[in-house]
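Q: Structure incoming, see below.
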Amino acid sequence: MPAAASGTLITVAPTGAETAPEAAPGLPVTLQALVAAAVDCEAAGACVVHVHVRDDDGQPSLDPGRLRAAVAALRARTGLLVQLSTGGSVHDPEDARLAVLDAQPDSASCTLGTLNFGDDVFINRWSFVVELHRRMQERGIVAEYECFDLGQVHSLHRLLERHGPPAGGHVHVDLVCGVPGGMAGTPAAVLAAVAALPTGATWSATGVGRSTLPVLLTALAAGGHLRVGMEDTLSFAPDRPVTANAELVTRAADLARLAQRPPLTVAAARGMLGVAEAAQHGAA
Ligand code: KMH
Ligand code: ZN
């Protein structure tokens with residue numbers, strides 16, 4: 001059984017790698033816009049920011065300098081836990097994705113397998129997953145295991161059994177639902193994945209596109225945490241585009257309070273995820 005939660009950890013994923021800046025005017029593609037969005041989202045109840053950076057043309061980038069600058073600016077202007085994406089875009093090579101860890105974020109994503117991703121393929125070879133997991137252990141970076149389908153949850157068991165627990169010792173999983181090629185954004189799919197999680201793991205759920213609300217409501221009802229943001233959905237309601245990430249965080253926080261599972265503080269999230277323990281290990 002995974003661990004049930006009394007409060008709600010809210011992660012915001014403000015930018016992603018898939019949406020063109022022209023397609024969503026509120027998408028934060030510059031460092032300044034990213035930091036401003038993060039400040040607003042922290043005030044609205046987020047405690048983790050999942051970061052993809054863009055280049056000067058608004059294209060996805062894994063440039064080490066930009067990643068370091070984003071980590072530094074987010075730490076200077078917010079109290080949020082900073083999680084860098086190692087998924088990048090579907091076109092990023094493995095060495096650049098591994099090098100993301102050099103920016104020494106608090107946390108980084110680690111996807112457990114390959115899947116079709118719309119018309120593209122999001123490649124996560126087993127040897128790459130193991131190397132990412134191992135480097136995060138060494139450097140004291142807390143892993144967020146991203147599972148896009150049920151098979152990836154089973155791969156997580158295999159990873160932990162063969163290669164040991166993550167830095168900080170606590171297993172936290174994000175169930176990403178509704179990607180064309182992954183598990184559906186339905187209560188049944190979320191609950192099937194939750195039933196297969198490692199004992200004691202905590203979990204959040206993300207519903208891509210129109211599955212945002214059903215997945216969010218399922219997670220609140222089933223003891224999970226939430227990830228929302230313009231990486232995952234650009235629609236607030238039918239015919240009503242998202243104008244800013246904070247709208248999605250505000251709605252998530254309001255629903256969490258309604259469910260009597262209010263947003264966690266950053267300090268509580270830090271404790272739950274084992275960030276201090278992980279950093280200590282990394283420094284040793
Ligand atoms: N952009 C997707 C291909 C992650 O951040 O680790 C992968 C992704 C997952 O967004
Ligand atoms: Zn991402």
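Residue names in the structure tokens use chain letters A, B, ... in the order shown, residue numbers from 1 in each chain, and ligand numbers from 1 in the order shown.
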List every residue of stretch 155-222 of chain A that DSSP, applied to the backbone of this structure, places in strand (DSSP E or B), and write the result as a ChimeraX atom specification.

A: /A:172-177,180,182,202-207

Q: Go ahead and write the selection's residues with all heavy atoms as an mmCIF file, in the first residue's frame.

A:
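Saved as part_26.cif:
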data_model
loop_
_atom_site.group_PDB
_atom_site.id
_atom_site.type_symbol
_atom_site.label_atom_id
_atom_site.label_comp_id
_atom_site.auth_asym_id
_atom_site.auth_seq_id
_atom_site.Cartn_x
_atom_site.Cartn_y
_atom_site.Cartn_z
ATOM 1 N N HIS A 172 8.904 8.842 -4.078
ATOM 2 C CA HIS A 172 7.762 9.667 -4.497
ATOM 3 C C HIS A 172 7.582 9.516 -6.004
ATOM 4 O O HIS A 172 8.538 9.625 -6.772
ATOM 5 C CB HIS A 172 7.982 11.139 -4.135
ATOM 6 C CG HIS A 172 6.807 12.000 -4.498
ATOM 7 N ND1 HIS A 172 5.616 11.983 -3.787
ATOM 8 C CD2 HIS A 172 6.623 12.876 -5.512
ATOM 9 C CE1 HIS A 172 4.761 12.825 -4.342
ATOM 10 N NE2 HIS A 172 5.339 13.373 -5.399
ATOM 11 N N VAL A 173 6.353 9.282 -6.398
ATOM 12 C CA VAL A 173 6.033 8.960 -7.794
ATOM 13 C C VAL A 173 5.023 9.976 -8.323
ATOM 14 O O VAL A 173 4.103 10.364 -7.603
ATOM 15 C CB VAL A 173 5.397 7.541 -7.863
ATOM 16 C CG1 VAL A 173 4.998 7.179 -9.280
ATOM 17 C CG2 VAL A 173 6.350 6.502 -7.287
ATOM 18 N N ASP A 174 5.200 10.396 -9.569
ATOM 19 C CA ASP A 174 4.146 11.171 -10.232
ATOM 20 C C ASP A 174 3.541 10.291 -11.326
ATOM 21 O O ASP A 174 4.263 9.814 -12.211
ATOM 22 C CB ASP A 174 4.713 12.462 -10.840
ATOM 23 C CG ASP A 174 3.608 13.333 -11.437
ATOM 24 O OD1 ASP A 174 2.546 13.467 -10.797
ATOM 25 O OD2 ASP A 174 3.803 13.870 -12.539
ATOM 26 N N LEU A 175 2.238 10.081 -11.244
ATOM 27 C CA LEU A 175 1.530 9.300 -12.260
ATOM 28 C C LEU A 175 1.058 10.274 -13.330
ATOM 29 O O LEU A 175 0.197 11.120 -13.064
ATOM 30 C CB LEU A 175 0.334 8.579 -11.629
ATOM 31 C CG LEU A 175 0.694 7.648 -10.453
ATOM 32 C CD1 LEU A 175 -0.581 7.152 -9.751
ATOM 33 C CD2 LEU A 175 1.533 6.476 -10.939
ATOM 34 N N VAL A 176 1.658 10.181 -14.500
ATOM 35 C CA VAL A 176 1.313 11.116 -15.579
ATOM 36 C C VAL A 176 0.310 10.421 -16.491
ATOM 37 O O VAL A 176 0.636 9.434 -17.160
ATOM 38 C CB VAL A 176 2.564 11.535 -16.380
ATOM 39 C CG1 VAL A 176 2.196 12.659 -17.354
ATOM 40 C CG2 VAL A 176 3.677 12.005 -15.447
ATOM 41 N N CYS A 177 -0.910 10.940 -16.492
ATOM 42 C CA CYS A 177 -2.017 10.262 -17.189
ATOM 43 C C CYS A 177 -2.508 11.099 -18.363
ATOM 44 O O CYS A 177 -2.517 12.328 -18.296
ATOM 45 C CB CYS A 177 -3.188 10.078 -16.234
ATOM 46 S SG CYS A 177 -2.759 9.242 -14.702
ATOM 47 N N PRO A 180 -1.093 10.709 -25.086
ATOM 48 C CA PRO A 180 -1.425 9.718 -26.118
ATOM 49 C C PRO A 180 -0.255 8.749 -26.290
ATOM 50 O O PRO A 180 0.802 9.122 -26.781
ATOM 51 C CB PRO A 180 -1.636 10.570 -27.381
ATOM 52 C CG PRO A 180 -1.793 11.979 -26.888
ATOM 53 C CD PRO A 180 -1.027 12.073 -25.610
ATOM 54 N N GLY A 182 0.310 6.709 -23.404
ATOM 55 C CA GLY A 182 0.440 6.270 -22.016
ATOM 56 C C GLY A 182 -0.902 5.865 -21.432
ATOM 57 O O GLY A 182 -1.883 5.686 -22.162
ATOM 58 N N THR A 202 4.855 7.802 -1.604
ATOM 59 C CA THR A 202 3.833 8.822 -1.800
ATOM 60 C C THR A 202 3.697 9.054 -3.299
ATOM 61 O O THR A 202 4.607 8.717 -4.066
ATOM 62 C CB THR A 202 4.200 10.141 -1.094
ATOM 63 O OG1 THR A 202 5.515 10.530 -1.475
ATOM 64 C CG2 THR A 202 4.131 9.985 0.416
ATOM 65 N N TRP A 203 2.589 9.633 -3.705
ATOM 66 C CA TRP A 203 2.353 9.798 -5.147
ATOM 67 C C TRP A 203 1.548 11.061 -5.430
ATOM 68 O O TRP A 203 0.763 11.511 -4.607
ATOM 69 C CB TRP A 203 1.618 8.573 -5.719
ATOM 70 C CG TRP A 203 0.273 8.313 -5.105
ATOM 71 C CD1 TRP A 203 0.023 7.693 -3.906
ATOM 72 C CD2 TRP A 203 -1.012 8.684 -5.641
ATOM 73 N NE1 TRP A 203 -1.332 7.654 -3.664
ATOM 74 C CE2 TRP A 203 -1.989 8.252 -4.710
ATOM 75 C CE3 TRP A 203 -1.426 9.324 -6.797
ATOM 76 C CZ2 TRP A 203 -3.364 8.445 -4.918
ATOM 77 C CZ3 TRP A 203 -2.793 9.524 -7.011
ATOM 78 C CH2 TRP A 203 -3.747 9.080 -6.069
ATOM 79 N N SER A 204 1.817 11.601 -6.581
ATOM 80 C CA SER A 204 0.973 12.670 -7.105
ATOM 81 C C SER A 204 0.447 12.188 -8.447
ATOM 82 O O SER A 204 0.913 11.178 -8.989
ATOM 83 C CB SER A 204 1.754 13.972 -7.254
ATOM 84 O OG SER A 204 2.839 13.786 -8.128
ATOM 85 N N ALA A 205 -0.520 12.917 -8.964
ATOM 86 C CA ALA A 205 -1.049 12.552 -10.280
ATOM 87 C C ALA A 205 -1.211 13.812 -11.121
ATOM 88 O O ALA A 205 -1.512 14.889 -10.612
ATOM 89 C CB ALA A 205 -2.382 11.825 -10.153
ATOM 90 N N THR A 206 -0.982 13.624 -12.396
ATOM 91 C CA THR A 206 -1.059 14.693 -13.387
ATOM 92 C C THR A 206 -1.981 14.223 -14.496
ATOM 93 O O THR A 206 -1.751 13.152 -15.066
ATOM 94 C CB THR A 206 0.337 14.895 -14.035
ATOM 95 O OG1 THR A 206 1.284 15.154 -13.017
ATOM 96 C CG2 THR A 206 0.330 16.017 -15.047
ATOM 97 N N GLY A 207 -2.986 15.004 -14.803
ATOM 98 C CA GLY A 207 -3.849 14.659 -15.933
ATOM 99 C C GLY A 207 -3.577 15.619 -17.074
ATOM 100 O O GLY A 207 -3.739 16.837 -16.939
#

Q: May I have the residues within 9 Å of ligand 1, computed using only C-alpha atoms and all ligand atoms, as a VMD selection string?

A: chain A and resid 13 16 to 18 50 to 52 84 to 92 108 to 111 117 120 to 123 144 to 146 176 231 to 232

Q: Of the candidates A:Thr243, A:Thr233, A:Gln83, A:Thr15, which shows the shortest atom-to-atom distance to A:Ser61, using only C-alpha atoms?

A: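 Among the listed residues, the smallest separation from A:Ser61 belongs to A:Thr15.
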
Q: Can you list every residue in stretch 28-218 of chain A that DSSP puts in alpha helix (DSSP H), as a PyMOL selection string?

A: chain A and resi 31-44+64-77+94-99+126-139+150-163+187-195+212-218

Q: Compare A:Gly26, A:Pro21, A:Gly200, A:Gly271 by their minimum atom-to-atom distance to A:Asp56, counting only C-alpha atoms, and give me the closest one.

A: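 Looking only at the distances to A:Asp56, the closest residue turns out to be A:Pro21.
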
Q: Please provide the set of residues having any atom within 10 Å of A:Leu150, restricted to only C-alpha atoms, with same-chain residues fewer than 4 positions apart removed, written as a list in words.

A: His154, Ser155, Leu175, Gly182, Met183, Ala189, Val190, Ala192, Ala193, Val194, Ala195, Ala196 and Leu197 of chain A

Q: Given the selection you just returned, output its residues as a file containing N, CA and C atoms, formatted as a compact mmCIF listing (two decimals), in the first residue's frame.

A:
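Saved to again-v3.txt:
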# COMPACT_ATOMS: atom_id res chain seq x y z
N HIS A 154 5.71 -1.03 -12.48
CA HIS A 154 6.40 -2.30 -12.20
C HIS A 154 7.90 -2.16 -12.43
N SER A 155 8.29 -1.37 -13.39
CA SER A 155 9.73 -1.14 -13.61
C SER A 155 10.35 -0.42 -12.42
N LEU A 175 2.24 10.08 -11.24
CA LEU A 175 1.53 9.30 -12.26
C LEU A 175 1.06 10.27 -13.33
N GLY A 182 0.31 6.71 -23.40
CA GLY A 182 0.44 6.27 -22.02
C GLY A 182 -0.90 5.86 -21.43
N MET A 183 -0.94 5.75 -20.09
CA MET A 183 -2.20 5.33 -19.46
C MET A 183 -3.24 6.44 -19.59
N ALA A 189 -7.64 4.21 -14.24
CA ALA A 189 -6.20 4.07 -14.53
C ALA A 189 -5.37 4.55 -13.35
N VAL A 190 -5.77 5.67 -12.74
CA VAL A 190 -5.02 6.18 -11.58
C VAL A 190 -5.03 5.13 -10.47
N ALA A 192 -5.54 1.91 -10.57
CA ALA A 192 -4.76 0.70 -10.89
C ALA A 192 -3.28 0.95 -10.65
N ALA A 193 -2.81 2.12 -11.02
CA ALA A 193 -1.39 2.43 -10.81
C ALA A 193 -1.08 2.57 -9.32
N VAL A 194 -1.99 3.22 -8.60
CA VAL A 194 -1.76 3.41 -7.15
C VAL A 194 -1.68 2.05 -6.45
N ALA A 195 -2.53 1.14 -6.86
CA ALA A 195 -2.55 -0.19 -6.22
C ALA A 195 -1.23 -0.93 -6.42
N ALA A 196 -0.49 -0.56 -7.45
CA ALA A 196 0.76 -1.27 -7.77
C ALA A 196 2.00 -0.55 -7.22
N LEU A 197 1.83 0.57 -6.52
CA LEU A 197 2.99 1.33 -6.05
C LEU A 197 3.72 0.61 -4.92

Q: In Å to one decimal, how far is atom CA of A:Thr218 from atom CA of A:Gly185?

A: 10.0 Å

Q: I'd like to know which of A:Leu248, A:Leu34, A:Ile141, A:Leu98 is closest to A:Asn124, using only C-alpha atoms.

A: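 Among the listed residues, the smallest separation from A:Asn124 belongs to A:Leu98.
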
Q: Pick out the closest residue to ligand 2 from this set: A:Ala222, A:Val215, A:Ala76, A:Met230. Count only C-alpha atoms and all ligand atoms.

A: A:Met230

Q: Enter the distance from atom CA of A:Arg227 to atom CA of A:Glu277, in Å, rounded to one decimal.

A: 23.3 Å

Q: Rank nothing, just name the residue among A:His281, A:Arg68, A:Arg97, A:Arg134 nearest to ligand 2, using only C-alpha atoms and all ligand atoms.

A: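 Among A:His281, A:Arg68, A:Arg97, A:Arg134, it is A:Arg97 that comes nearest to ligand 2.
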
Q: Would you mind listing what lies within 10 Å of A:Pro198 as a list in words, with only C-alpha atoms counted and same-chain residues fewer than 6 positions away left out?

A: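 In the requested format, the answer is Met1, Pro2, Ala3, Val153, His154, Leu156, His157, Leu160, Val171, His172 and Val173 of chain A.
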
Q: Between A:Pro105, A:Pro238, A:Gly118, A:Pro165, which is the closest to A:Arg139 once you count only C-alpha atoms?

A: A:Pro105

Q: Using only C-alpha atoms, determine which residues lie at most 10 Å from A:Pro263, disregarding the query and same-chain residues fewer than 4 positions distant; provide the list as a PyMOL selection string.

A: chain A and resi 6-10+44-47+225-226+252-257+268-269
